[in-house]
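See below for data_14.tsv, which holds TSV, C-alpha atoms and all ligand atoms.
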chain	number	residue	atom	x	y	z
A	1	MET	CA	0.00	0.00	0.00
A	2	SER	CA	1.33	3.43	-0.85
A	3	LEU	CA	1.89	5.65	2.16
A	4	ASN	CA	2.79	8.64	0.02
A	5	HIS	CA	-0.09	10.67	1.46
A	6	VAL	CA	1.71	10.70	4.80
A	7	ARG	CA	5.16	10.88	3.19
A	8	PRO	CA	4.77	13.62	0.56
A	9	TRP	CA	8.52	13.71	0.02
A	10	ARG	CA	8.16	10.40	-1.78
A	11	ASN	CA	5.70	11.72	-4.38
A	12	ILE	CA	6.57	11.63	-8.05
A	13	TYR	CA	4.20	13.58	-10.30
A	14	ARG	CA	4.17	11.72	-13.57
A	15	ARG	CA	3.99	13.71	-16.79
A	16	LYS	CA	0.65	13.22	-18.50
A	17	SER	CA	1.09	11.40	-21.78
A	18	ARG	CA	-1.23	9.83	-24.31
A	19	GLN	CA	-1.55	6.09	-24.04
A	20	ILE	CA	-0.67	3.80	-26.92
A	21	MET	CA	-0.62	0.04	-27.20
A	22	VAL	CA	2.43	-2.05	-27.96
A	23	GLY	CA	0.66	-5.34	-28.63
A	24	ASN	CA	-1.26	-5.98	-25.43
A	25	VAL	CA	0.98	-3.72	-23.31
A	26	PRO	CA	-0.31	-0.19	-22.68
A	27	VAL	CA	2.43	2.45	-22.75
A	28	GLY	CA	1.86	5.95	-21.41
A	29	GLY	CA	-1.05	7.49	-19.54
A	30	ASP	CA	-1.40	5.80	-16.18
A	31	ALA	CA	-0.03	2.44	-17.37
A	32	PRO	CA	2.84	0.98	-15.35
A	33	ILE	CA	6.22	2.03	-16.71
A	34	ALA	CA	7.12	-0.81	-19.07
A	35	VAL	CA	10.54	-2.47	-18.94
A	36	GLN	CA	12.17	-3.36	-22.23
A	37	THR	CA	15.30	-5.06	-23.42
A	38	MET	CA	16.75	-6.15	-26.75
A	39	THR	CA	18.04	-9.49	-27.96
A	40	ASN	CA	21.64	-9.82	-29.11
A	41	THR	CA	21.37	-13.15	-30.92
A	42	LEU	CA	21.22	-13.39	-34.70
A	43	THR	CA	17.56	-12.91	-35.53
A	44	THR	CA	17.85	-15.69	-38.09
A	45	ASP	CA	18.69	-18.02	-35.18
A	46	VAL	CA	15.03	-18.45	-34.24
A	47	ALA	CA	15.58	-20.94	-31.38
A	48	GLY	CA	18.36	-18.87	-29.82
A	49	THR	CA	16.39	-15.63	-30.10
A	50	VAL	CA	13.19	-17.16	-28.73
A	51	ALA	CA	15.18	-18.54	-25.77
A	52	GLN	CA	16.57	-15.08	-25.07
A	53	VAL	CA	13.14	-13.45	-25.36
A	54	GLN	CA	11.70	-16.04	-22.97
A	55	ALA	CA	14.50	-15.54	-20.45
A	56	ALA	CA	14.00	-11.77	-20.58
A	57	ALA	CA	10.23	-12.16	-20.16
A	58	GLU	CA	10.78	-14.51	-17.22
A	59	ALA	CA	12.99	-11.84	-15.63
A	60	GLY	CA	10.13	-9.34	-16.04
A	61	ALA	CA	10.56	-7.74	-19.49
A	62	ASP	CA	7.22	-6.39	-20.71
A	63	ILE	CA	8.40	-5.79	-24.28
A	64	VAL	CA	11.45	-7.06	-26.23
A	65	ARG	CA	13.10	-5.45	-29.24
A	66	ILE	CA	14.73	-7.43	-32.04
A	67	SER	CA	16.89	-6.17	-34.92
A	68	VAL	CA	15.62	-6.83	-38.40
A	69	PRO	CA	18.58	-6.03	-40.64
A	70	ASP	CA	17.65	-8.15	-43.69
A	71	GLU	CA	14.89	-10.10	-45.39
A	72	ALA	CA	15.92	-13.39	-43.76
A	73	SER	CA	15.48	-11.72	-40.37
A	74	SER	CA	11.97	-10.54	-41.35
A	75	LYS	CA	11.11	-14.15	-42.17
A	76	ALA	CA	12.55	-15.38	-38.86
A	77	LEU	CA	10.66	-12.64	-37.01
A	78	LYS	CA	7.34	-14.27	-37.87
A	79	ASP	CA	8.34	-17.50	-36.09
A	80	ILE	CA	9.81	-15.59	-33.15
A	81	VAL	CA	6.66	-13.49	-32.68
A	82	ARG	CA	4.57	-16.67	-32.67
A	83	GLU	CA	6.65	-18.12	-29.81
A	84	SER	CA	7.13	-14.93	-27.82
A	85	PRO	CA	5.28	-14.41	-24.54
A	86	VAL	CA	5.66	-10.61	-24.88
A	87	PRO	CA	5.13	-8.06	-27.68
A	88	ILE	CA	8.06	-7.67	-30.05
A	89	VAL	CA	9.43	-4.37	-31.35
A	90	ALA	CA	11.18	-4.69	-34.71
A	91	ASP	CA	14.26	-2.52	-34.98
A	92	ILE	CA	14.47	-1.14	-38.50
A	93	HIS	CA	17.08	1.26	-39.73
A	94	PHE	CA	16.56	2.83	-43.09
A	95	HIS	CA	15.06	0.13	-45.23
A	96	TYR	CA	11.35	0.69	-45.68
A	97	ARG	CA	10.78	-2.86	-46.97
A	98	ARG	CA	11.99	-4.28	-43.64
A	99	GLY	CA	9.44	-2.09	-41.88
A	100	ILE	CA	6.60	-3.43	-44.02
A	101	GLU	CA	7.82	-7.01	-43.66
A	102	ALA	CA	8.12	-6.67	-39.88
A	103	ALA	CA	4.57	-5.29	-39.58
A	104	GLU	CA	3.35	-8.19	-41.71
A	105	ALA	CA	5.33	-10.63	-39.57
A	106	GLY	CA	3.39	-9.58	-36.47
A	107	ALA	CA	5.71	-7.07	-34.80
A	108	ALA	CA	3.79	-5.05	-32.21
A	109	CYS	CA	5.84	-1.95	-32.85
A	110	LEU	CA	8.38	-0.69	-35.39
A	111	ARG	CA	11.37	1.26	-34.22
A	112	ILE	CA	11.87	3.40	-37.28
A	113	ASN	CA	12.44	7.07	-37.99
A	114	PRO	CA	10.07	8.08	-40.78
A	115	GLY	CA	12.33	10.97	-41.76
A	116	ASN	CA	15.12	8.51	-42.58
A	117	ILE	CA	13.09	6.53	-45.08
A	118	GLY	CA	13.36	9.35	-47.60
A	119	ASP	CA	10.81	8.96	-50.36
A	120	GLU	CA	7.33	10.09	-49.29
A	121	LYS	CA	5.57	7.24	-51.06
A	122	ARG	CA	7.66	4.74	-49.13
A	123	VAL	CA	6.95	6.50	-45.84
A	124	LYS	CA	3.22	6.18	-46.58
A	125	GLU	CA	3.61	2.48	-47.38
A	126	VAL	CA	5.33	1.79	-44.04
A	127	ILE	CA	2.71	3.77	-42.11
A	128	LYS	CA	-0.08	1.94	-43.92
A	129	ALA	CA	1.51	-1.43	-43.09
A	130	ALA	CA	1.72	-0.38	-39.43
A	131	GLN	CA	-1.92	0.73	-39.47
A	132	ASP	CA	-3.10	-2.44	-41.22
A	133	HIS	CA	-1.33	-4.67	-38.70
A	134	ASN	CA	-2.06	-2.79	-35.46
A	135	CYS	CA	1.54	-1.91	-35.10
A	136	SER	CA	2.72	1.14	-33.19
A	137	ILE	CA	5.90	3.06	-34.02
A	138	ARG	CA	8.79	4.22	-31.89
A	139	ILE	CA	10.67	7.21	-33.17
A	140	GLY	CA	14.22	6.78	-31.95
A	141	VAL	CA	16.31	9.94	-32.09
A	142	ASN	CA	19.93	9.29	-31.30
A	143	ALA	CA	22.58	11.97	-30.70
A	144	GLY	CA	25.05	9.87	-32.69
A	145	SER	CA	22.97	9.82	-35.86
A	146	LEU	CA	21.34	13.24	-36.09
A	147	GLU	CA	20.28	14.52	-39.50
A	148	LYS	CA	22.90	16.47	-41.43
A	149	HIS	CA	20.81	19.64	-41.69
A	150	LEU	CA	20.40	19.75	-37.90
A	151	LEU	CA	24.11	19.23	-37.30
A	152	GLU	CA	24.79	22.07	-39.71
A	153	LYS	CA	22.23	24.28	-37.99
A	154	TYR	CA	23.34	23.57	-34.42
A	155	GLY	CA	27.01	22.75	-34.97
A	156	GLU	CA	26.96	19.61	-32.79
A	157	PRO	CA	24.50	17.20	-31.20
A	158	CYS	CA	22.69	19.26	-28.56
A	159	PRO	CA	19.32	18.99	-26.80
A	160	GLU	CA	17.66	21.51	-29.17
A	161	ALA	CA	18.81	19.57	-32.24
A	162	MET	CA	17.54	16.30	-30.79
A	163	VAL	CA	14.15	17.77	-29.91
A	164	GLU	CA	13.85	19.32	-33.37
A	165	SER	CA	14.73	16.00	-34.98
A	166	GLY	CA	12.08	14.26	-32.87
A	167	LEU	CA	9.44	16.83	-33.78
A	168	GLU	CA	10.24	16.50	-37.48
A	169	HIS	CA	9.67	12.73	-37.34
A	170	ILE	CA	6.50	13.25	-35.30
A	171	ARG	CA	5.17	15.69	-37.88
A	172	ILE	CA	5.56	13.12	-40.67
A	173	LEU	CA	3.50	10.58	-38.71
A	174	GLN	CA	0.85	13.15	-37.78
A	175	ASP	CA	0.61	14.40	-41.37
A	176	ASN	CA	-0.25	10.83	-42.25
A	177	ASP	CA	-2.83	10.68	-39.48
A	178	PHE	CA	-0.79	8.17	-37.49
A	179	HIS	CA	-0.83	8.73	-33.74
A	180	GLU	CA	0.16	5.40	-32.19
A	181	PHE	CA	3.74	6.39	-31.58
A	182	LYS	CA	6.19	6.91	-28.75
A	183	ILE	CA	9.53	8.63	-28.88
A	184	SER	CA	13.04	8.40	-27.47
A	185	VAL	CA	15.87	10.94	-27.62
A	186	LYS	CA	18.90	8.96	-26.53
A	187	ALA	CA	22.50	9.94	-26.06
A	188	SER	CA	25.37	8.19	-24.33
A	189	ASP	CA	26.01	11.38	-22.37
A	190	VAL	CA	23.82	11.64	-19.29
A	191	PHE	CA	23.54	15.46	-19.40
A	192	LEU	CA	22.64	15.56	-23.08
A	193	SER	CA	20.08	12.78	-22.69
A	194	ALA	CA	18.45	14.36	-19.66
A	195	ALA	CA	18.19	17.79	-21.31
A	196	ALA	CA	16.86	16.34	-24.58
A	197	TYR	CA	14.27	14.25	-22.75
A	198	GLN	CA	13.09	17.25	-20.75
A	199	GLY	CA	12.76	19.22	-23.98
A	200	ILE	CA	10.78	16.55	-25.80
A	201	ALA	CA	8.60	15.94	-22.73
A	202	GLU	CA	7.50	19.57	-22.92
A	203	ALA	CA	7.07	19.62	-26.67
A	204	THR	CA	4.78	16.59	-27.11
A	205	ASP	CA	2.29	14.47	-25.21
A	206	ALA	CA	3.53	11.28	-26.87
A	207	PRO	CA	4.61	8.51	-24.51
A	208	ILE	CA	8.34	8.58	-23.89
A	209	HIS	CA	10.74	5.69	-24.13
A	210	LEU	CA	13.73	6.35	-21.88
A	211	GLY	CA	17.23	5.12	-22.41
A	212	ILE	CA	20.85	6.11	-22.10
A	213	THR	CA	22.38	4.64	-25.19
A	214	GLU	CA	25.62	2.64	-25.18
A	215	ALA	CA	25.78	3.06	-21.43
A	216	GLY	CA	28.63	0.57	-20.97
A	217	GLY	CA	29.24	-2.67	-19.09
A	218	LEU	CA	27.23	-4.11	-16.22
A	219	VAL	CA	28.60	-1.91	-13.44
A	220	SER	CA	29.36	1.36	-15.26
A	221	GLY	CA	26.27	1.12	-17.46
A	222	THR	CA	24.05	0.41	-14.48
A	223	ILE	CA	25.33	3.46	-12.65
A	224	LYS	CA	25.05	5.70	-15.70
A	225	SER	CA	21.52	4.50	-16.38
A	226	ALA	CA	20.50	4.80	-12.75
A	227	ILE	CA	21.67	8.42	-12.70
A	228	GLY	CA	20.28	9.41	-16.10
A	229	LEU	CA	17.03	7.46	-16.12
A	230	GLY	CA	16.56	7.78	-12.37
A	231	ASN	CA	16.76	11.54	-12.60
A	232	LEU	CA	14.17	11.69	-15.40
A	233	LEU	CA	11.83	9.19	-13.79
A	234	TRP	CA	12.04	11.16	-10.56
A	235	MET	CA	10.90	14.22	-12.54
A	236	GLY	CA	7.94	12.17	-13.74
A	237	ILE	CA	9.26	11.66	-17.28
A	238	GLY	CA	9.22	8.24	-18.90
A	239	ASP	CA	6.60	5.66	-19.85
A	240	THR	CA	8.86	2.79	-20.81
A	241	ILE	CA	12.56	2.21	-20.17
A	242	ARG	CA	15.43	0.23	-21.57
A	243	VAL	CA	18.76	-0.01	-19.81
A	244	SER	CA	21.43	-0.57	-22.50
A	245	LEU	CA	24.26	-2.68	-21.16
A	246	SER	CA	27.06	-4.62	-22.79
A	247	ALA	CA	25.69	-7.60	-20.89
A	248	ASP	CA	23.01	-10.27	-21.01
A	249	PRO	CA	19.51	-8.83	-21.74
A	250	VAL	CA	18.32	-10.44	-18.49
A	251	GLU	CA	20.71	-8.12	-16.63
A	252	GLU	CA	19.19	-5.12	-18.45
A	253	VAL	CA	15.75	-6.17	-17.25
A	254	LYS	CA	16.93	-6.67	-13.68
A	255	VAL	CA	18.62	-3.26	-13.61
A	256	GLY	CA	15.55	-1.61	-15.17
A	257	PHE	CA	13.35	-3.06	-12.47
A	258	GLU	CA	15.75	-2.09	-9.72
A	259	ILE	CA	15.72	1.53	-10.93
A	260	LEU	CA	11.91	1.56	-10.93
A	261	LYS	CA	11.77	-0.21	-7.58
A	262	SER	CA	14.16	2.30	-6.00
A	263	LEU	CA	11.75	5.08	-6.94
A	264	GLY	CA	8.68	3.13	-5.88
A	265	LEU	CA	7.40	3.25	-9.48
A	266	ARG	CA	7.06	-0.50	-9.90
A	267	HIS	CA	7.32	-3.47	-7.65
A	268	ARG	CA	8.22	-6.98	-8.57
A	269	GLY	CA	9.75	-9.81	-6.62
A	270	VAL	CA	11.58	-9.66	-3.34
A	271	ASN	CA	13.16	-6.36	-2.41
A	272	ILE	CA	16.07	-7.39	-0.18
A	273	ILE	CA	17.22	-4.84	2.36
A	274	SER	CA	20.58	-5.89	3.73
A	275	CYS	CA	23.39	-4.28	5.65
A	276	PRO	CA	26.93	-4.07	4.28
A	277	SER	CA	28.12	-6.17	7.29
A	278	CYS	CA	30.99	-5.48	9.67
A	279	ALA	CA	32.73	-7.08	12.64
A	280	ARG	CA	29.44	-7.12	14.55
A	281	GLN	CA	27.68	-9.46	12.12
A	282	GLY	CA	26.23	-12.59	13.70
A	283	PHE	CA	26.37	-14.52	10.38
A	284	ASP	CA	27.94	-14.09	6.93
A	285	VAL	CA	25.63	-11.39	5.52
A	286	ILE	CA	27.25	-11.12	2.08
A	287	LYS	CA	27.17	-14.86	1.31
A	288	THR	CA	23.65	-15.15	2.68
A	289	VAL	CA	22.32	-12.30	0.53
A	290	GLU	CA	24.04	-13.73	-2.55
A	291	ALA	CA	22.45	-17.13	-1.91
A	292	LEU	CA	19.02	-15.65	-1.19
A	293	GLU	CA	19.07	-13.48	-4.33
A	294	GLN	CA	19.47	-16.64	-6.35
A	295	ARG	CA	17.07	-18.79	-4.37
A	296	LEU	CA	14.32	-16.16	-4.50
A	297	GLU	CA	14.55	-15.27	-8.19
A	298	HIS	CA	11.36	-17.21	-8.90
A	299	ILE	CA	9.24	-15.01	-6.61
A	300	LYS	CA	7.34	-12.39	-8.61
A	301	THR	CA	5.09	-11.15	-5.80
A	302	PRO	CA	6.20	-7.71	-4.62
A	303	MET	CA	7.45	-8.09	-1.06
A	304	SER	CA	10.32	-7.14	1.19
A	305	LEU	CA	12.94	-9.06	3.13
A	306	SER	CA	15.51	-7.65	5.54
A	307	ILE	CA	18.77	-9.49	6.16
A	308	ILE	CA	20.71	-7.61	8.80
A	309	GLY	CA	23.91	-8.67	10.53
A	310	CYS	CA	23.12	-7.61	14.09
A	311	VAL	CA	20.67	-5.88	16.42
A	312	VAL	CA	22.10	-2.41	15.71
A	313	ASN	CA	19.78	-2.03	12.72
A	314	GLY	CA	18.04	-5.42	12.48
A	315	PRO	CA	14.84	-4.86	14.49
A	316	GLY	CA	14.30	-1.39	12.99
A	317	GLU	CA	14.60	-2.63	9.40
A	318	ALA	CA	12.53	-5.74	10.18
A	319	LEU	CA	9.69	-3.47	11.32
A	320	MET	CA	9.20	-2.30	7.73
A	321	THR	CA	9.57	-5.65	5.94
A	322	ASP	CA	7.40	-8.71	5.37
A	323	VAL	CA	10.10	-11.16	6.47
A	324	GLY	CA	13.30	-10.37	8.33
A	325	PHE	CA	16.33	-12.02	9.86
A	326	THR	CA	18.67	-10.36	12.32
A	327	GLY	CA	21.92	-11.93	13.46
A	328	GLY	CA	22.31	-12.67	17.15
A	329	GLY	CA	24.73	-14.62	19.32
A	330	ALA	CA	25.62	-18.29	19.67
A	331	GLY	CA	25.13	-19.23	16.00
A	332	SER	CA	21.50	-18.19	15.68
A	333	GLY	CA	19.38	-15.14	14.92
A	334	MET	CA	15.82	-13.86	15.11
A	335	VAL	CA	13.21	-14.30	12.39
A	336	TYR	CA	10.72	-11.44	12.03
A	337	LEU	CA	7.35	-11.85	10.37
A	338	ALA	CA	5.29	-8.78	9.40
A	339	GLY	CA	7.60	-6.60	11.49
A	340	LYS	CA	7.37	-8.63	14.71
A	341	ALA	CA	10.00	-10.89	16.31
A	342	SER	CA	8.67	-14.39	15.69
A	343	HIS	CA	11.18	-17.15	16.45
A	344	LYS	CA	14.85	-18.00	16.66
A	345	MET	CA	16.62	-19.91	13.91
A	346	SER	CA	20.13	-21.36	13.72
A	347	ASN	CA	22.44	-19.76	11.16
A	348	ASP	CA	23.10	-23.01	9.33
A	349	GLN	CA	19.40	-23.63	8.59
A	350	MET	CA	18.45	-20.04	8.08
A	351	ILE	CA	18.70	-19.78	4.26
A	352	GLU	CA	16.41	-22.75	3.73
A	353	HIS	CA	14.06	-21.44	6.40
A	354	ILE	CA	13.89	-17.90	4.97
A	355	VAL	CA	13.16	-19.25	1.50
A	356	GLU	CA	10.23	-21.18	3.00
A	357	GLU	CA	8.96	-18.16	4.94
A	358	VAL	CA	9.18	-15.92	1.84
A	359	GLU	CA	7.39	-18.50	-0.31
A	360	LYS	CA	4.66	-18.80	2.33
A	361	LYS	CA	4.26	-15.02	2.54
A	362	ALA	CA	4.20	-14.69	-1.26
A	363	ALA	CA	1.41	-17.28	-1.51
A	364	GLU	CA	-0.50	-15.40	1.20
A	365	LEU	CA	-0.12	-12.04	-0.59
A	366	ASP	CA	-1.11	-13.63	-3.93
A	367	ALA	CA	-4.26	-15.05	-2.36
A	368	VAL	CA	-5.18	-11.63	-0.94
A	369	ALA	CA	-4.57	-9.98	-4.31
A	370	GLU	CA	-6.63	-12.62	-6.10
A	371	ALA	CA	-9.53	-12.23	-3.68
A	372	ALA	CA	-9.48	-8.47	-4.22
A	373	GLU	CA	-9.78	-8.82	-8.02
B	401	LIG	S1	23.70	-3.91	11.05
B	401	LIG	FE1	25.25	-4.67	12.49
B	401	LIG	S2	26.47	-6.10	11.25
B	401	LIG	FE2	25.33	-4.86	9.82
B	401	LIG	S3	26.74	-3.24	9.28
B	401	LIG	FE3	25.42	-2.48	10.93
B	401	LIG	S4	26.54	-2.88	12.80
B	401	LIG	FE4	27.50	-4.13	11.19
Show me, as structure tokens, the structure contained in the file I just sent.
Ligand code: SF4
Amino acid sequence: MSLNHVRPWRNIYRRKSRQIMVGNVPVGGDAPIAVQTMTNTLTTDVAGTVAQVQAAAEAGADIVRISVPDEASSKALKDIVRESPVPIVADIHFHYRRGIEAAEAGAACLRINPGNIGDEKRVKEVIKAAQDHNCSIRIGVNAGSLEKHLLEKYGEPCPEAMVESGLEHIRILQDNDFHEFKISVKASDVFLSAAAYQGIAEATDAPIHLGITEAGGLVSGTIKSAIGLGNLLWMGIGDTIRVSLSADPVEEVKVGFEILKSLGLRHRGVNIISCPSCARQGFDVIKTVEALEQRLEHIKTPMSLSIIGCVVNGPGEALMTDVGFTGGGAGSGMVYLAGKASHKMSNDQMIEHIVEEVEKKAAELDAVAEAAE
């Protein structure tokens, strides 16, 4: 339950955007902020790509993007879409035929910049294919590939140039009476991205896809994305996010969710609150948290678990969590349930025991949620 009415300093006022559909996933308006990732297999490797899409969906991805660089990939896309548990966005660069093929293959959304297609007749053909197949479009402005005339006008990639580029693409879609679109204005530089996103957020009511492009590896990219995307989300900007990491797509999904969870914008799975540990710890906090993160990956119910080394902070943190464990003396600690001290448990059986308690609590919360539906 949100307690933001008594804690106004936690409030985030979300920008009002139009809602569009990406397959069966609403994006924008009051829809939950969708988490996306992108496959990095060869699209023509249908089995490998489907496996990656499924793993990403299992980790919580709402939408997955797939590159469609050639005709063989368009063909493969049809089989992938059929097997996918989530809507697929087809990533198209310049080739209008790929856009049409992807819409025909069942893509839920095309990532394509209409201004890059060139010929007006071809633009109309792509838009018609999208309309005919219930396919939305994501305009993806990127600081690294801005149009020549804008670079000449502004001298270098800057927020104004990115916003202008976005508005030019938007105009083409609107002139063709196409309104099921969202937009991103990505840069690898956090400052440039943030300024461009703020500009586009003011200039349009289209849903916004957030991302810091080419953010880097798992650690550096996570930090960069958390700062850049976190800052925008905190301002209320963003209807769907993708964390770009040079890492497994599943990691992108996990990081995306953690960013949203940190801001209280979405909840999924067990939120573990744990101390960094020190000489006072009554058990090995770091190893325990590592083991629990793995053992609790299957839990999708939003809930909280505190794993705290000693009584300095243990009881206080346990007060706010569904399940808690606080280290004590003589090889055992205290288990807390719904904020109250419940029973003692020996350190060597505690991981198994906590997994059971969390599973029990998750089933209980699921039953309550089901009854309320
Ligand atoms: S809660 Fe206890 S064990 Fe954990 S860091 Fe603080 S003092 Fe150390």
Return the padded bounding box of ligand LIG 401 (chain B) as AutoDock Vina command-line options: axis-aligned, built from all atoms listed in the file, 4 Å added on each side, with centre and edge lengths in Å to one decimal.
--center_x 25.6 --center_y -4.3 --center_z 11.0 --size_x 11.8 --size_y 11.6 --size_z 11.5
Within-10 Å residues of ligand LIG 401 (chain B), basis all atoms listed in the file, as a ChimeraX atom specification: /A:274-285,307-317,326-328
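Of the listed residues A:Ile237, A:Ala341, A:Ile12, A:Val243, the one whose atoms come nearest to Val219 (chain A) is A:Val243, with distances taken using only C-alpha atoms.
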Long-range neighbours of Ala363 (chain A) as an MDAnalysis selection string, 9 Å cut-off, all atoms listed in the file, 5 positions minimum in chain: chainID A and resid 301 358 368
Just C-alpha atoms for this one: save the residues we selected as a compact mmCIF listing (two decimals), keeping the file's coordinate frame.
# COMPACT_ATOMS: atom_id res chain seq x y z
CA THR A 301 5.09 -11.15 -5.80
CA VAL A 358 9.18 -15.92 1.84
CA VAL A 368 -5.18 -11.63 -0.94
Selection: 10 Å around Leu233 (chain A), only C-alpha atoms, excl. self and same-chain fewer than 6 positions, as a ChimeraX atom specification: /A:12-15,33,210,226-227,239-241,259-260,263,265
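Across A:Ile127, A:Ala59, A:Val323, A:Val89, the tightest approach to Asn176 (chain A) is made by A:Ile127 when counting only C-alpha atoms.
The nearest approach to Ser184 (chain A) among the residues A:Val270, A:Ile139, A:Ala102, A:Ile351, with all atoms listed in the file taken into account, belongs to A:Ile139.
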Spatial neighbours of Tyr197 (chain A), max dist 9 Å, all atoms listed in the file, sep filter under 6 positions, as a PyMOL selection string: chain A and resi 159+162-163+184-186+208+210+232+237-238
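Minimum distance to Glu160 (chain A) across A:Val25, A:Ala203, A:Val255, A:Val190 (counting all atoms listed in the file) occurs at A:Ala203.
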Point-to-point distance in Å for CA of Trp9 (chain A) and CA of Thr222 (chain A): 25.1 Å
CA of Asn271 (chain A) to CA of Thr321 (chain A), distance in Å rounded to a single decimal: 9.1 Å
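Distance check against Leu245 (chain A) using only C-alpha atoms: of A:Thr37, A:Asn142, A:Thr288, A:Gln198, the minimum falls on A:Thr37.
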Identify, on the basis of all atoms listed in the file, every residue whose closest approach to Ala47 (chain A) does not exceed 12 Å; exclude the query and any residue fewer than 3 positions from it along the same chain; express the result as a short mmCIF file (atom, residue, chain, number, x, y, z; two decimals) with C-alpha atoms, in the frame of the given file.
data_model
loop_
_atom_site.label_atom_id
_atom_site.label_comp_id
_atom_site.auth_asym_id
_atom_site.auth_seq_id
_atom_site.Cartn_x
_atom_site.Cartn_y
_atom_site.Cartn_z
CA THR A 41 21.37 -13.15 -30.92
CA LEU A 42 21.22 -13.39 -34.70
CA THR A 43 17.56 -12.91 -35.53
CA THR A 44 17.85 -15.69 -38.09
CA VAL A 50 13.19 -17.16 -28.73
CA ALA A 51 15.18 -18.54 -25.77
CA GLN A 52 16.57 -15.08 -25.07
CA VAL A 53 13.14 -13.45 -25.36
CA GLN A 54 11.70 -16.04 -22.97
CA ALA A 76 12.55 -15.38 -38.86
CA LEU A 77 10.66 -12.64 -37.01
CA ASP A 79 8.34 -17.50 -36.09
CA ILE A 80 9.81 -15.59 -33.15
CA VAL A 81 6.66 -13.49 -32.68
CA ARG A 82 4.57 -16.67 -32.67
CA GLU A 83 6.65 -18.12 -29.81
CA SER A 84 7.13 -14.93 -27.82
#
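CA of Gly28 (chain A) sits 20.2 Å away from CA of Ala195 (chain A).
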Anything within 9 Å of (15.8, -4.8, -35.9): list those residues as a PDB file with C-alpha atoms, keeping the file's coordinate frame, counting all atoms listed in the file and sticking to the file's coordinates.
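Output (result-v3.pdb):
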ATOM      1  CA  THR A  43      17.560 -12.910 -35.530  1.00  0.00           C
ATOM      2  CA  ARG A  65      13.100  -5.450 -29.240  1.00  0.00           C
ATOM      3  CA  ILE A  66      14.730  -7.430 -32.040  1.00  0.00           C
ATOM      4  CA  SER A  67      16.890  -6.170 -34.920  1.00  0.00           C
ATOM      5  CA  VAL A  68      15.620  -6.830 -38.400  1.00  0.00           C
ATOM      6  CA  PRO A  69      18.580  -6.030 -40.640  1.00  0.00           C
ATOM      7  CA  ASP A  70      17.650  -8.150 -43.690  1.00  0.00           C
ATOM      8  CA  SER A  73      15.480 -11.720 -40.370  1.00  0.00           C
ATOM      9  CA  SER A  74      11.970 -10.540 -41.350  1.00  0.00           C
ATOM     10  CA  VAL A  89       9.430  -4.370 -31.350  1.00  0.00           C
ATOM     11  CA  ALA A  90      11.180  -4.690 -34.710  1.00  0.00           C
ATOM     12  CA  ASP A  91      14.260  -2.520 -34.980  1.00  0.00           C
ATOM     13  CA  ILE A  92      14.470  -1.140 -38.500  1.00  0.00           C
ATOM     14  CA  HIS A  93      17.080   1.260 -39.730  1.00  0.00           C
ATOM     15  CA  ARG A  98      11.990  -4.280 -43.640  1.00  0.00           C
ATOM     16  CA  ALA A 102       8.120  -6.670 -39.880  1.00  0.00           C
ATOM     17  CA  LEU A 110       8.380  -0.690 -35.390  1.00  0.00           C
ATOM     18  CA  ARG A 111      11.370   1.260 -34.220  1.00  0.00           C
TER      19      ARG A 111
END
Since the input has fewer atoms than a full residue there, write region 153-159 of chain A out with N, CA, C and O atoms, as a PDB file, keeping the file's coordinate frame.
ATOM      1  N   LYS A 153      22.913  23.163 -38.654  1.00  0.00           N
ATOM      2  CA  LYS A 153      22.230  24.280 -37.990  1.00  0.00           C
ATOM      3  C   LYS A 153      22.768  24.513 -36.572  1.00  0.00           C
ATOM      4  O   LYS A 153      22.998  25.638 -36.156  1.00  0.00           O
ATOM      5  N   TYR A 154      22.970  23.418 -35.833  1.00  0.00           N
ATOM      6  CA  TYR A 154      23.340  23.570 -34.420  1.00  0.00           C
ATOM      7  C   TYR A 154      24.837  23.391 -34.151  1.00  0.00           C
ATOM      8  O   TYR A 154      25.298  23.640 -33.044  1.00  0.00           O
ATOM      9  N   GLY A 155      25.570  22.892 -35.140  1.00  0.00           N
ATOM     10  CA  GLY A 155      27.010  22.750 -34.970  1.00  0.00           C
ATOM     11  C   GLY A 155      27.445  21.442 -34.340  1.00  0.00           C
ATOM     12  O   GLY A 155      28.497  20.910 -34.655  1.00  0.00           O
ATOM     13  N   GLU A 156      26.639  20.891 -33.444  1.00  0.00           N
ATOM     14  CA  GLU A 156      26.960  19.610 -32.790  1.00  0.00           C
ATOM     15  C   GLU A 156      25.682  19.032 -32.207  1.00  0.00           C
ATOM     16  O   GLU A 156      24.673  19.752 -32.074  1.00  0.00           O
ATOM     17  N   PRO A 157      25.709  17.759 -31.832  1.00  0.00           N
ATOM     18  CA  PRO A 157      24.500  17.200 -31.200  1.00  0.00           C
ATOM     19  C   PRO A 157      24.236  17.950 -29.887  1.00  0.00           C
ATOM     20  O   PRO A 157      25.118  18.052 -29.043  1.00  0.00           O
ATOM     21  N   CYS A 158      23.058  18.521 -29.767  1.00  0.00           N
ATOM     22  CA  CYS A 158      22.690  19.260 -28.560  1.00  0.00           C
ATOM     23  C   CYS A 158      21.203  18.987 -28.303  1.00  0.00           C
ATOM     24  O   CYS A 158      20.508  18.467 -29.177  1.00  0.00           O
ATOM     25  N   PRO A 159      20.724  19.303 -27.118  1.00  0.00           N
ATOM     26  CA  PRO A 159      19.320  18.990 -26.800  1.00  0.00           C
ATOM     27  C   PRO A 159      18.343  19.574 -27.822  1.00  0.00           C
ATOM     28  O   PRO A 159      17.409  18.904 -28.254  1.00  0.00           O
TER      29      PRO A 159
END
